[in-house]
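Coordinates from work_2.txt are shown below (compact mmCIF, C-alpha atoms (C1' of nucleotides)).
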```txt
# COMPACT_ATOMS: atom_id res chain seq x y z
CA MET X 46 13.06 -14.07 -2.43
CA SER X 47 9.94 -12.55 -3.82
CA LYS X 48 9.84 -8.83 -4.11
CA LYS X 49 6.75 -7.71 -2.31
CA ASN X 50 4.73 -5.30 -4.32
CA SER X 51 2.74 -3.28 -1.84
CA SER X 52 0.81 -1.41 -4.54
CA LYS X 53 -2.43 -3.09 -5.31
CA PRO X 54 -3.60 -4.11 -8.77
CA THR X 55 -5.84 -1.58 -10.46
CA ASP X 56 -9.52 -2.32 -10.93
CA GLY X 57 -8.93 -3.36 -14.50
CA GLU X 58 -6.10 -5.64 -13.55
CA LEU X 59 -8.15 -7.25 -10.85
CA GLU X 60 -10.93 -8.02 -13.31
CA ILE X 61 -8.48 -9.88 -15.48
CA LEU X 62 -6.94 -11.68 -12.55
CA GLN X 63 -10.39 -12.91 -11.58
CA ILE X 64 -10.82 -14.47 -14.98
CA LEU X 65 -7.40 -16.07 -14.86
CA TRP X 66 -7.97 -17.41 -11.37
CA GLU X 67 -11.24 -18.89 -12.45
CA HIS X 68 -10.18 -20.34 -15.78
CA GLY X 69 -6.49 -20.99 -15.43
CA SER X 70 -4.52 -20.65 -18.65
CA VAL X 71 -6.28 -18.78 -21.41
CA SER X 72 -5.72 -16.57 -24.43
CA VAL X 73 -6.19 -12.83 -24.64
CA ARG X 74 -9.19 -13.48 -26.84
CA PHE X 75 -10.79 -15.54 -24.11
CA VAL X 76 -10.26 -12.86 -21.51
CA ASN X 77 -11.56 -10.17 -23.82
CA ASP X 78 -14.68 -12.19 -24.59
CA ALA X 79 -15.26 -12.84 -20.91
CA LEU X 80 -15.00 -9.13 -20.14
CA ASN X 81 -17.35 -8.19 -22.92
CA GLU X 82 -19.84 -10.77 -21.81
CA LYS X 83 -19.81 -9.24 -18.38
CA TYR X 84 -20.09 -5.61 -19.42
CA PRO X 85 -22.45 -3.72 -21.67
CA LYS X 86 -19.74 -1.39 -22.88
CA GLU X 87 -17.60 -3.14 -25.47
CA ILE X 88 -13.92 -3.31 -24.63
CA GLY X 89 -11.53 -3.35 -27.59
CA TYR X 90 -9.35 -6.38 -28.09
CA THR X 91 -6.12 -4.41 -28.10
CA THR X 92 -7.16 -2.74 -24.89
CA THR X 93 -7.28 -6.07 -23.13
CA LEU X 94 -4.08 -7.17 -24.80
CA LYS X 95 -2.22 -4.07 -23.71
CA LEU X 96 -3.42 -4.38 -20.16
CA MET X 97 -2.28 -7.97 -20.00
CA GLN X 98 1.11 -7.04 -21.42
CA ILE X 99 1.49 -4.43 -18.72
CA MET X 100 0.49 -6.99 -16.12
CA LEU X 101 3.21 -9.24 -17.49
CA GLU X 102 5.79 -6.51 -16.97
CA LYS X 103 4.56 -6.03 -13.44
CA GLY X 104 4.77 -9.74 -12.78
CA LEU X 105 1.07 -10.14 -12.11
CA VAL X 106 0.71 -12.73 -14.86
CA LYS X 107 2.94 -15.07 -16.77
CA ARG X 108 2.57 -16.40 -20.27
CA ASN X 109 3.51 -19.17 -22.61
CA THR X 110 4.58 -18.00 -26.06
CA ASP X 111 5.18 -21.36 -27.70
CA SER X 112 2.28 -21.00 -30.04
CA ARG X 113 1.30 -17.83 -31.80
CA THR X 114 -1.62 -17.13 -29.50
CA HIS X 115 0.06 -16.54 -26.20
CA ILE X 116 -1.46 -18.27 -23.22
CA TYR X 117 -1.64 -16.27 -20.02
CA SER X 118 -2.13 -17.33 -16.43
CA ALA X 119 -2.04 -15.61 -13.05
CA ASN X 120 1.36 -15.25 -11.44
CA ILE X 121 0.14 -14.27 -7.99
CA GLU X 122 -2.01 -16.35 -5.71
CA GLU X 123 -5.65 -15.61 -5.30
CA SER X 124 -5.87 -16.10 -1.55
CA GLU X 125 -2.71 -14.14 -0.88
CA THR X 126 -3.93 -11.30 -3.02
CA GLN X 127 -7.31 -11.37 -1.34
CA GLU X 128 -5.63 -11.19 2.02
CA LYS X 129 -3.67 -8.10 1.08
CA LEU X 130 -6.60 -6.39 -0.56
CA LEU X 131 -8.82 -7.19 2.36
CA SER X 132 -6.53 -5.65 4.90
CA GLN X 133 -6.13 -2.53 2.82
CA PHE X 134 -9.85 -2.35 2.29
CA VAL X 135 -10.61 -2.70 5.97
CA ASP X 136 -8.22 0.14 6.66
CA SER X 137 -9.52 2.44 4.00
CA ALA X 138 -13.23 1.82 4.32
CA PHE X 139 -13.72 0.61 7.89
CA ARG X 140 -10.96 2.50 9.65
CA GLY X 141 -9.23 -0.75 10.42
CA SER X 142 -12.12 -2.47 12.14
CA ALA X 143 -12.37 -5.90 10.57
CA MET X 144 -15.13 -6.79 12.96
CA LYS X 145 -17.27 -3.90 11.89
CA MET X 146 -16.87 -5.04 8.35
CA VAL X 147 -17.68 -8.64 9.13
CA MET X 148 -20.81 -7.59 10.92
CA GLN X 149 -21.87 -5.44 8.03
CA ALA X 150 -21.19 -8.25 5.58
CA LEU X 151 -23.03 -10.82 7.64
CA GLY X 152 -25.96 -8.51 8.15
CA ASN X 153 -26.33 -7.71 4.49
CA HIS X 154 -25.88 -11.15 3.13
CA GLU X 155 -28.41 -13.93 2.95
CA ALA X 156 -26.32 -16.69 4.38
CA SER X 157 -27.21 -20.34 4.00
CA LYS X 158 -27.36 -22.67 6.98
CA LYS X 159 -24.21 -24.36 5.77
CA GLU X 160 -22.35 -21.08 5.60
CA LEU X 161 -23.47 -20.08 9.05
CA ASP X 162 -22.38 -23.44 10.39
CA GLU X 163 -18.97 -22.97 8.90
CA ILE X 164 -18.62 -19.64 10.58
CA LYS X 165 -19.74 -21.04 13.89
CA ALA X 166 -17.17 -23.78 13.60
CA LEU X 167 -14.51 -21.22 12.85
CA ILE X 168 -15.50 -19.13 15.83
CA GLU X 169 -15.33 -22.09 18.15
CA LYS X 170 -11.88 -22.88 16.91
CA MET X 171 -10.84 -19.31 17.58
CA GLU X 172 -12.28 -19.38 21.06
CA LYS X 173 -10.30 -22.44 21.94
CA LYS X 174 -7.12 -20.81 20.86
CA SER X 175 -7.53 -17.94 23.30
CA MET B 210 -34.96 12.33 -4.12
CA SER B 211 -31.28 11.74 -3.75
CA LYS B 212 -29.30 11.14 -6.87
CA LYS B 213 -27.50 7.88 -6.41
CA ASN B 214 -23.89 8.14 -7.32
CA SER B 215 -22.78 4.66 -8.22
CA SER B 216 -19.16 5.67 -8.76
CA LYS B 217 -17.12 5.13 -5.68
CA PRO B 218 -14.98 7.79 -4.04
CA THR B 219 -11.32 7.62 -5.00
CA ASP B 220 -8.73 6.46 -2.50
CA GLY B 221 -7.79 10.01 -1.71
CA GLU B 222 -11.36 11.03 -1.22
CA LEU B 223 -12.00 8.11 1.05
CA GLU B 224 -9.07 9.08 3.24
CA ILE B 225 -10.56 12.48 3.73
CA LEU B 226 -14.02 11.10 4.36
CA GLN B 227 -12.58 8.92 7.10
CA ILE B 228 -11.20 11.95 8.84
CA LEU B 229 -14.47 13.82 8.50
CA TRP B 230 -16.50 10.87 9.75
CA GLU B 231 -14.23 10.59 12.73
CA HIS B 232 -13.95 14.24 13.65
CA GLY B 233 -17.10 15.82 12.33
CA SER B 234 -16.70 19.42 11.22
CA VAL B 235 -13.15 20.53 10.63
CA SER B 236 -10.98 22.87 8.60
CA VAL B 237 -8.81 22.02 5.64
CA ARG B 238 -5.80 22.63 7.84
CA PHE B 239 -7.00 20.00 10.27
CA VAL B 240 -7.50 17.45 7.53
CA ASN B 241 -4.13 18.20 6.00
CA ASP B 242 -2.40 17.85 9.35
CA ALA B 243 -4.17 14.56 9.99
CA LEU B 244 -3.07 13.21 6.61
CA ASN B 245 0.52 14.27 7.14
CA GLU B 246 0.55 12.72 10.56
CA LYS B 247 -0.53 9.46 9.02
CA TYR B 248 1.85 9.40 6.08
CA PRO B 249 5.58 9.79 5.74
CA LYS B 250 5.31 11.60 2.43
CA GLU B 251 4.32 15.20 3.02
CA ILE B 252 1.12 16.27 1.31
CA GLY B 253 0.90 19.93 0.33
CA TYR B 254 -1.80 22.06 1.88
CA THR B 255 -3.21 23.19 -1.44
CA THR B 256 -3.37 19.58 -2.57
CA THR B 257 -5.71 18.74 0.27
CA LEU B 258 -7.65 21.92 -0.30
CA LYS B 259 -8.14 21.21 -3.96
CA LEU B 260 -9.28 17.67 -3.31
CA MET B 261 -11.82 18.85 -0.79
CA GLN B 262 -13.11 21.46 -3.22
CA ILE B 263 -13.61 18.76 -5.79
CA MET B 264 -15.39 16.65 -3.24
CA LEU B 265 -17.67 19.59 -2.58
CA GLU B 266 -18.59 19.75 -6.25
CA LYS B 267 -19.32 16.05 -6.25
CA GLY B 268 -21.50 16.41 -3.18
CA LEU B 269 -19.34 14.18 -1.02
CA VAL B 270 -18.83 16.91 1.54
CA LYS B 271 -20.52 20.10 2.56
CA ARG B 272 -19.06 23.23 4.09
CA ASN B 273 -19.80 26.26 6.13
CA THR B 274 -18.27 29.46 4.78
CA ASP B 275 -19.39 31.85 7.48
CA SER B 276 -15.91 32.41 8.77
CA ARG B 277 -12.84 32.78 6.66
CA THR B 278 -11.62 29.28 7.36
CA HIS B 279 -14.25 27.12 5.81
CA ILE B 280 -15.47 24.23 7.88
CA TYR B 281 -16.08 20.99 6.07
CA SER B 282 -18.07 17.92 7.03
CA ALA B 283 -19.11 14.71 5.30
CA ASN B 284 -22.23 14.84 3.19
CA ILE B 285 -22.68 11.11 2.78
CA GLU B 286 -23.25 8.59 5.54
CA GLU B 287 -20.48 6.38 6.70
CA SER B 288 -22.47 3.16 7.00
CA GLU B 289 -24.21 3.62 3.70
CA THR B 290 -20.92 4.27 1.99
CA GLN B 291 -19.37 1.28 3.65
CA GLU B 292 -22.22 -0.88 2.48
CA LYS B 293 -21.75 0.16 -1.13
CA LEU B 294 -18.00 -0.17 -1.03
CA LEU B 295 -18.23 -3.53 0.64
CA SER B 296 -20.48 -5.00 -2.00
CA GLN B 297 -18.28 -3.70 -4.77
CA PHE B 298 -15.22 -5.01 -3.02
CA VAL B 299 -16.69 -8.46 -2.54
CA ASP B 300 -17.46 -8.58 -6.22
CA SER B 301 -14.12 -7.39 -7.41
CA ALA B 302 -11.85 -9.22 -4.99
CA PHE B 303 -13.87 -12.25 -3.89
CA ARG B 304 -15.89 -12.92 -7.02
CA GLY B 305 -19.05 -12.09 -5.15
CA SER B 306 -18.61 -14.51 -2.29
CA ALA B 307 -19.20 -12.52 0.87
CA MET B 308 -18.83 -15.63 2.95
CA LYS B 309 -15.41 -16.36 1.60
CA MET B 310 -14.43 -12.86 2.56
CA VAL B 311 -15.89 -13.11 6.04
CA MET B 312 -14.06 -16.32 6.64
CA GLN B 313 -10.83 -14.80 5.49
CA ALA B 314 -11.36 -11.76 7.68
CA LEU B 315 -12.25 -13.82 10.73
CA GLY B 316 -9.31 -16.10 10.20
CA ASN B 317 -6.81 -13.32 9.90
CA HIS B 318 -8.03 -11.19 12.72
CA GLU B 319 -7.34 -11.58 16.39
CA ALA B 320 -10.87 -11.26 17.66
CA SER B 321 -11.71 -10.55 21.24
CA LYS B 322 -14.21 -12.63 23.15
CA LYS B 323 -16.66 -9.79 23.06
CA GLU B 324 -16.43 -9.50 19.31
CA LEU B 325 -16.90 -13.21 18.84
CA ASP B 326 -19.93 -13.11 21.11
CA GLU B 327 -21.43 -10.35 19.04
CA ILE B 328 -21.02 -12.37 15.91
CA LYS B 329 -22.53 -15.42 17.52
CA ALA B 330 -25.52 -13.38 18.57
CA LEU B 331 -25.88 -12.06 15.05
CA ILE B 332 -25.73 -15.54 13.61
CA GLU B 333 -28.40 -16.78 15.96
CA LYS B 334 -30.62 -13.96 14.93
CA MET B 335 -30.09 -14.82 11.29
CA GLU B 336 -30.85 -18.48 11.90
CA LYS B 337 -34.15 -17.61 13.51
CA LYS B 338 -35.19 -15.61 10.53
CA SER B 339 -34.77 -18.53 8.14
C1' DA R 52 -1.15 51.75 8.78
C1' DT R 53 2.17 48.21 7.46
C1' DC R 54 3.81 43.69 7.48
C1' DC R 55 3.29 38.79 8.09
C1' DT R 56 0.62 34.65 8.03
C1' DT R 57 -3.23 31.93 6.65
C1' DT R 58 -6.66 30.74 3.60
C1' DT R 59 -9.12 30.37 -0.70
C1' DA R 60 -9.56 30.15 -5.77
C1' DC R 61 -7.86 28.90 -10.02
C1' DG R 62 -5.39 26.90 -13.47
C1' DA R 63 -2.22 23.97 -14.98
C1' DA R 64 1.38 20.30 -14.65
C1' DT R 65 2.12 15.51 -13.39
C1' DT R 66 1.12 10.89 -12.74
C1' DT R 67 -1.65 6.89 -13.29
C1' DT R 68 -4.85 4.16 -15.72
C1' DT R 69 -7.44 3.04 -19.68
C1' DT R 70 -8.19 2.97 -24.44
C1' DC R 71 -7.21 2.33 -29.13
C1' DG R 72 -4.99 3.01 -33.95
C1' DT R 73 -1.63 1.13 -36.88
C1' DA R 74 1.74 -1.92 -38.68
C1' DA R 75 4.05 -6.25 -38.91
C1' DA R 76 3.93 -11.16 -38.34
C1' DT R 77 1.65 -15.49 -38.46
C1' DT R 78 -1.85 -18.57 -39.56
C1' DA R 79 -6.08 -20.06 -42.00
C1' DA R 80 -9.09 -20.19 -46.08
C1' DG R 81 -10.05 -20.39 -50.75
C1' DC I 25 -0.16 -18.85 -54.13
C1' DT I 26 -3.13 -15.06 -52.82
C1' DT I 27 -6.27 -13.09 -49.79
C1' DA I 28 -8.42 -12.58 -45.47
C1' DA I 29 -8.44 -12.93 -40.56
C1' DT I 30 -6.09 -13.12 -36.15
C1' DT I 31 -2.60 -11.90 -33.11
C1' DT I 32 1.24 -9.32 -31.23
C1' DA I 33 4.01 -5.12 -30.50
C1' DC I 34 4.32 -0.40 -30.05
C1' DG I 35 3.28 4.14 -29.35
C1' DA I 36 0.46 7.49 -28.26
C1' DA I 37 -4.14 9.60 -27.23
C1' DA I 38 -7.71 10.12 -23.75
C1' DA I 39 -9.45 9.99 -19.28
C1' DA I 40 -9.02 10.05 -14.39
C1' DA I 41 -6.72 11.31 -10.26
C1' DT I 42 -3.23 13.79 -7.79
C1' DT I 43 -0.20 17.51 -6.98
C1' DC I 44 1.26 22.07 -6.67
C1' DG I 45 2.45 27.15 -7.96
C1' DT I 46 0.71 31.63 -7.82
C1' DA I 47 -2.17 35.39 -6.79
C1' DA I 48 -5.69 37.61 -4.28
C1' DA I 49 -8.34 38.13 -0.12
C1' DA I 50 -8.80 38.21 4.89
C1' DG I 51 -7.08 38.52 9.48
C1' DG I 52 -3.78 39.15 13.05
C1' DA I 53 0.40 41.34 15.10
C1' DT I 54 3.13 45.23 16.09
```

Rendering of file as C-alpha cells:
Amino acid sequence: MSKKNSSKPTDGELEILQILWEHGSVSVRFVNDALNEKYPKEIGYTTTLKLMQIMLEKGLVKRNTDSRTHIYSANIEESETQEKLLSQFVDSAFRGSAMKMVMQALGNHEASKKELDEIKALIEKMEKKS
Amino acid sequence: MSKKNSSKPTDGELEILQILWEHGSVSVRFVNDALNEKYPKEIGYTTTLKLMQIMLEKGLVKRNTDSRTHIYSANIEESETQEKLLSQFVDSAFRGSAMKMVMQALGNHEASKKELDEIKALIEKMEKKS
DNA sequence: ATCCTTTTACGAATTTTTTCGTAAATTAAG
DNA sequence: CTTAATTTACGAAAAAATTCGTAAAAGGAT
C-alpha cells in the first residue's frame, strides 16, 4: 500500500524530477550540470546534492549506492505526478474549471495539425462514451 | 508602463486573488471567512490581514480606505495571471508540452457536450488560420 | 461617557525551502 | 606513495512564506 503524499513537490524538486524523468538514472553531477546549463545563476554542487538527499528521504527518488557516485532515479511516476499537479493547478489558478484552462492553453499555443487531430480524436471518443 | 512582475504569486496569495476575482471588492473579514469556510484548519484573522497587506505592497491588490474597514480588490487581471501561471506550469510540470497537458486534462475531465462543442469550434478556428 | 467589539498596524516567531561551508571518505593522477 | 580532485554526509545559514500576539484606533451599544 503506497502512502499517498498529498503535498506537492517544491519547484526545486520538480526541476530535478524533470531531469530524472527525461534521463533515467544519473549522478548528482549530471543533474547539477543540467540545472546549470538551464539557468544563468550557478547552482552549487552541494545544493543539488542536498536537495536530492532530501528527496530521497521523502521517497521522491531512489538511488543505487553500489559505486561511490550514487546513481539516482525518480521514484514516482511522471504521468501520475502530472495528474495530481494538474488537478491542483486547475483548482488554484482556474477555480476548478479544467475547460477554461484547456481553452486558454489551446488558444495560446501554436498547435500542429497532428496535435489538433489527436485532440479531435480524443473528443470523439469522449462523445461516444456519453 | 506597467512593471512586469515575473515572479508568480504564492499559493496563499493566489487563494486570496481567487476570492477577490470572484467577489470583487470585499473586506478582510470577508476573505478570512471565505478561506475558513473552504479549509478545515482555521486561519487567524490577522494572518489573512497581514497577507493582504503584503499583497498591497507588491501591487497585487488595491484598497479603498475611506471607511474604517478597508475594502480590497484585485489589482491584476485574472486572465492575464492565468496565462502567465499556465505557461510556467506547463514548463515545470509538462516539460513545455502544452498539448500533453491538454490531453491529460481532457482525458481526466468529464466534459459536457457543450464544452466539447466549444473546443471543437476553437479547433476549427485554429485550423483555418494555418 | 463607558464598555465592548472590530479593525488596522507592526513586529516578530515559526515553518518551509534553498543554499552552501566544511570535513571525511574514496578514487584518480602523477 | 603522495597529492589532488570528486563525492558524500552533516549541519547550519539564508531566504521566502506563513502565522500570530499585542497594542492602538475607531465605532457601536447601552

* Asked: Residues of chain X within 9 Å of chain B, using all atoms listed in the file, as a PyMOL selection string?
  -> chain X and resi 56+59-60+63+123-124+126-128+130-132+134+137-140+143-144+146-158+160-161+163-165+167-168+171-172+175

Check which residues of chain I sit at most 8 Å from chain B using only C-alpha atoms (C1' of nucleotides), and return one row each with the closest pair of atoms and their distance in Å to one decimal, ordered by chain and rising number, as JSON lines.
```
{"residue": "I:DA41", "atom": "C1'", "partner": "B:Thr219", "partner_atom": "CA", "distance": 7.9}
{"residue": "I:DT42", "atom": "C1'", "partner": "B:Thr256", "partner_atom": "CA", "distance": 7.8}
{"residue": "I:DT43", "atom": "C1'", "partner": "B:Thr256", "partner_atom": "CA", "distance": 5.8}
{"residue": "I:DC44", "atom": "C1'", "partner": "B:Thr256", "partner_atom": "CA", "distance": 6.7}
{"residue": "I:DA50", "atom": "C1'", "partner": "B:Arg277", "partner_atom": "CA", "distance": 7.0}
```

Can you check which parts of chain R lie within 9 Å of chain B? Per residue, the shortest pair of atoms and distance in Å to one decimal, counting only C-alpha atoms (C1' of nucleotides), sorted by chain and number, as CSV.
```
residue,atom,partner,partner_atom,distance
R:DT57,C1',B:Thr278,CA,8.8
R:DT58,C1',B:Thr278,CA,6.4
R:DT59,C1',B:Thr278,CA,8.5
```

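Interatomic distance, CA of Asn77 in chain X to CA of Ser52 in chain X: 24.5 Å.
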
* Shell of 12 Å around DG81 in chain R, only C-alpha atoms (C1' of nucleotides), local chain residues under 5 positions omitted, as a ChimeraX atom specification -> /I:25-28

Matching every Cα in sequence order between the two identical chains, what are the coordinates of chain B once fitted onto chain X? Write them as a compact mmCIF listing (two decimals) with C-alpha atoms, in the frame of the given file.
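Output below, filename selection_25.txt:
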```txt
# COMPACT_ATOMS: atom_id res chain seq x y z
CA MET B 210 13.16 -14.18 -2.36
CA SER B 211 10.02 -12.69 -3.77
CA LYS B 212 9.87 -8.97 -4.11
CA LYS B 213 6.81 -7.82 -2.27
CA ASN B 214 4.76 -5.45 -4.30
CA SER B 215 2.78 -3.40 -1.84
CA SER B 216 0.90 -1.51 -4.54
CA LYS B 217 -2.39 -3.12 -5.29
CA PRO B 218 -3.53 -4.14 -8.75
CA THR B 219 -5.78 -1.61 -10.44
CA ASP B 220 -9.46 -2.33 -10.91
CA GLY B 221 -8.89 -3.37 -14.47
CA GLU B 222 -6.06 -5.64 -13.53
CA LEU B 223 -8.10 -7.25 -10.83
CA GLU B 224 -10.88 -8.01 -13.28
CA ILE B 225 -8.46 -9.86 -15.45
CA LEU B 226 -6.91 -11.68 -12.52
CA GLN B 227 -10.35 -12.91 -11.54
CA ILE B 228 -10.81 -14.45 -14.94
CA LEU B 229 -7.39 -16.05 -14.84
CA TRP B 230 -7.92 -17.41 -11.33
CA GLU B 231 -11.20 -18.88 -12.42
CA HIS B 232 -10.17 -20.35 -15.74
CA GLY B 233 -6.47 -21.00 -15.40
CA SER B 234 -4.52 -20.65 -18.63
CA VAL B 235 -6.29 -18.77 -21.37
CA SER B 236 -5.75 -16.54 -24.39
CA VAL B 237 -6.23 -12.82 -24.62
CA ARG B 238 -9.24 -13.48 -26.80
CA PHE B 239 -10.82 -15.54 -24.06
CA VAL B 240 -10.27 -12.84 -21.48
CA ASN B 241 -11.60 -10.15 -23.77
CA ASP B 242 -14.71 -12.18 -24.54
CA ALA B 243 -15.28 -12.81 -20.84
CA LEU B 244 -15.01 -9.09 -20.08
CA ASN B 245 -17.39 -8.15 -22.86
CA GLU B 246 -19.86 -10.74 -21.73
CA LYS B 247 -19.82 -9.19 -18.30
CA TYR B 248 -20.10 -5.56 -19.31
CA PRO B 249 -22.46 -3.65 -21.55
CA LYS B 250 -19.75 -1.32 -22.78
CA GLU B 251 -17.64 -3.07 -25.39
CA ILE B 252 -13.96 -3.29 -24.57
CA GLY B 253 -11.59 -3.35 -27.54
CA TYR B 254 -9.41 -6.39 -28.06
CA THR B 255 -6.19 -4.42 -28.12
CA THR B 256 -7.19 -2.72 -24.89
CA THR B 257 -7.31 -6.05 -23.12
CA LEU B 258 -4.13 -7.14 -24.81
CA LYS B 259 -2.26 -4.05 -23.76
CA LEU B 260 -3.42 -4.35 -20.18
CA MET B 261 -2.29 -7.94 -20.02
CA GLN B 262 1.09 -7.01 -21.46
CA ILE B 263 1.49 -4.43 -18.75
CA MET B 264 0.51 -6.97 -16.17
CA LEU B 265 3.21 -9.23 -17.55
CA GLU B 266 5.80 -6.52 -17.02
CA LYS B 267 4.60 -6.04 -13.48
CA GLY B 268 4.81 -9.76 -12.83
CA LEU B 269 1.11 -10.14 -12.14
CA VAL B 270 0.73 -12.72 -14.87
CA LYS B 271 2.93 -15.07 -16.79
CA ARG B 272 2.56 -16.42 -20.30
CA ASN B 273 3.49 -19.18 -22.62
CA THR B 274 4.55 -18.03 -26.08
CA ASP B 275 5.12 -21.39 -27.69
CA SER B 276 2.21 -21.04 -30.03
CA ARG B 277 1.21 -17.90 -31.81
CA THR B 278 -1.66 -17.18 -29.48
CA HIS B 279 0.02 -16.57 -26.20
CA ILE B 280 -1.49 -18.27 -23.20
CA TYR B 281 -1.65 -16.27 -20.02
CA SER B 282 -2.12 -17.33 -16.42
CA ALA B 283 -1.99 -15.61 -13.05
CA ASN B 284 1.40 -15.24 -11.44
CA ILE B 285 0.19 -14.27 -8.00
CA GLU B 286 -1.96 -16.35 -5.69
CA GLU B 287 -5.59 -15.60 -5.28
CA SER B 288 -5.80 -16.06 -1.52
CA GLU B 289 -2.66 -14.11 -0.85
CA THR B 290 -3.89 -11.27 -3.00
CA GLN B 291 -7.25 -11.34 -1.33
CA GLU B 292 -5.60 -11.15 2.05
CA LYS B 293 -3.64 -8.06 1.11
CA LEU B 294 -6.57 -6.36 -0.54
CA LEU B 295 -8.81 -7.16 2.36
CA SER B 296 -6.53 -5.59 4.92
CA GLN B 297 -6.13 -2.48 2.82
CA PHE B 298 -9.85 -2.31 2.28
CA VAL B 299 -10.63 -2.63 5.96
CA ASP B 300 -8.28 0.22 6.65
CA SER B 301 -9.55 2.50 3.98
CA ALA B 302 -13.27 1.85 4.25
CA PHE B 303 -13.77 0.65 7.83
CA ARG B 304 -11.04 2.58 9.60
CA GLY B 305 -9.30 -0.66 10.42
CA SER B 306 -12.19 -2.39 12.11
CA ALA B 307 -12.42 -5.82 10.55
CA MET B 308 -15.19 -6.76 12.91
CA LYS B 309 -17.34 -3.88 11.85
CA MET B 310 -16.90 -5.03 8.30
CA VAL B 311 -17.71 -8.64 9.08
CA MET B 312 -20.84 -7.62 10.85
CA GLN B 313 -21.90 -5.49 7.95
CA ALA B 314 -21.19 -8.29 5.51
CA LEU B 315 -23.04 -10.87 7.57
CA GLY B 316 -25.98 -8.57 8.04
CA ASN B 317 -26.35 -7.79 4.39
CA HIS B 318 -25.88 -11.25 3.04
CA GLU B 319 -28.42 -14.01 2.83
CA ALA B 320 -26.34 -16.78 4.30
CA SER B 321 -27.20 -20.41 3.93
CA LYS B 322 -27.32 -22.74 6.90
CA LYS B 323 -24.16 -24.40 5.73
CA GLU B 324 -22.31 -21.13 5.56
CA LEU B 325 -23.46 -20.12 9.01
CA ASP B 326 -22.36 -23.48 10.36
CA GLU B 327 -18.94 -22.99 8.88
CA ILE B 328 -18.60 -19.66 10.56
CA LYS B 329 -19.74 -21.06 13.86
CA ALA B 330 -17.14 -23.78 13.60
CA LEU B 331 -14.49 -21.20 12.84
CA ILE B 332 -15.50 -19.12 15.82
CA GLU B 333 -15.33 -22.09 18.13
CA LYS B 334 -11.88 -22.84 16.91
CA MET B 335 -10.83 -19.27 17.56
CA GLU B 336 -12.30 -19.33 21.06
CA LYS B 337 -10.30 -22.42 21.92
CA LYS B 338 -7.11 -20.76 20.90
CA SER B 339 -7.58 -17.86 23.31
```

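If you look at C1' of DA60 in chain R and CA of Leu265 in chain B, they are 13.7 Å away from each other.
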
* Asked: Can you tell me how far CA of Ser51 in chain X sits from C1' of DT68 in chain R, in Å to one decimal?
  -> 17.5 Å
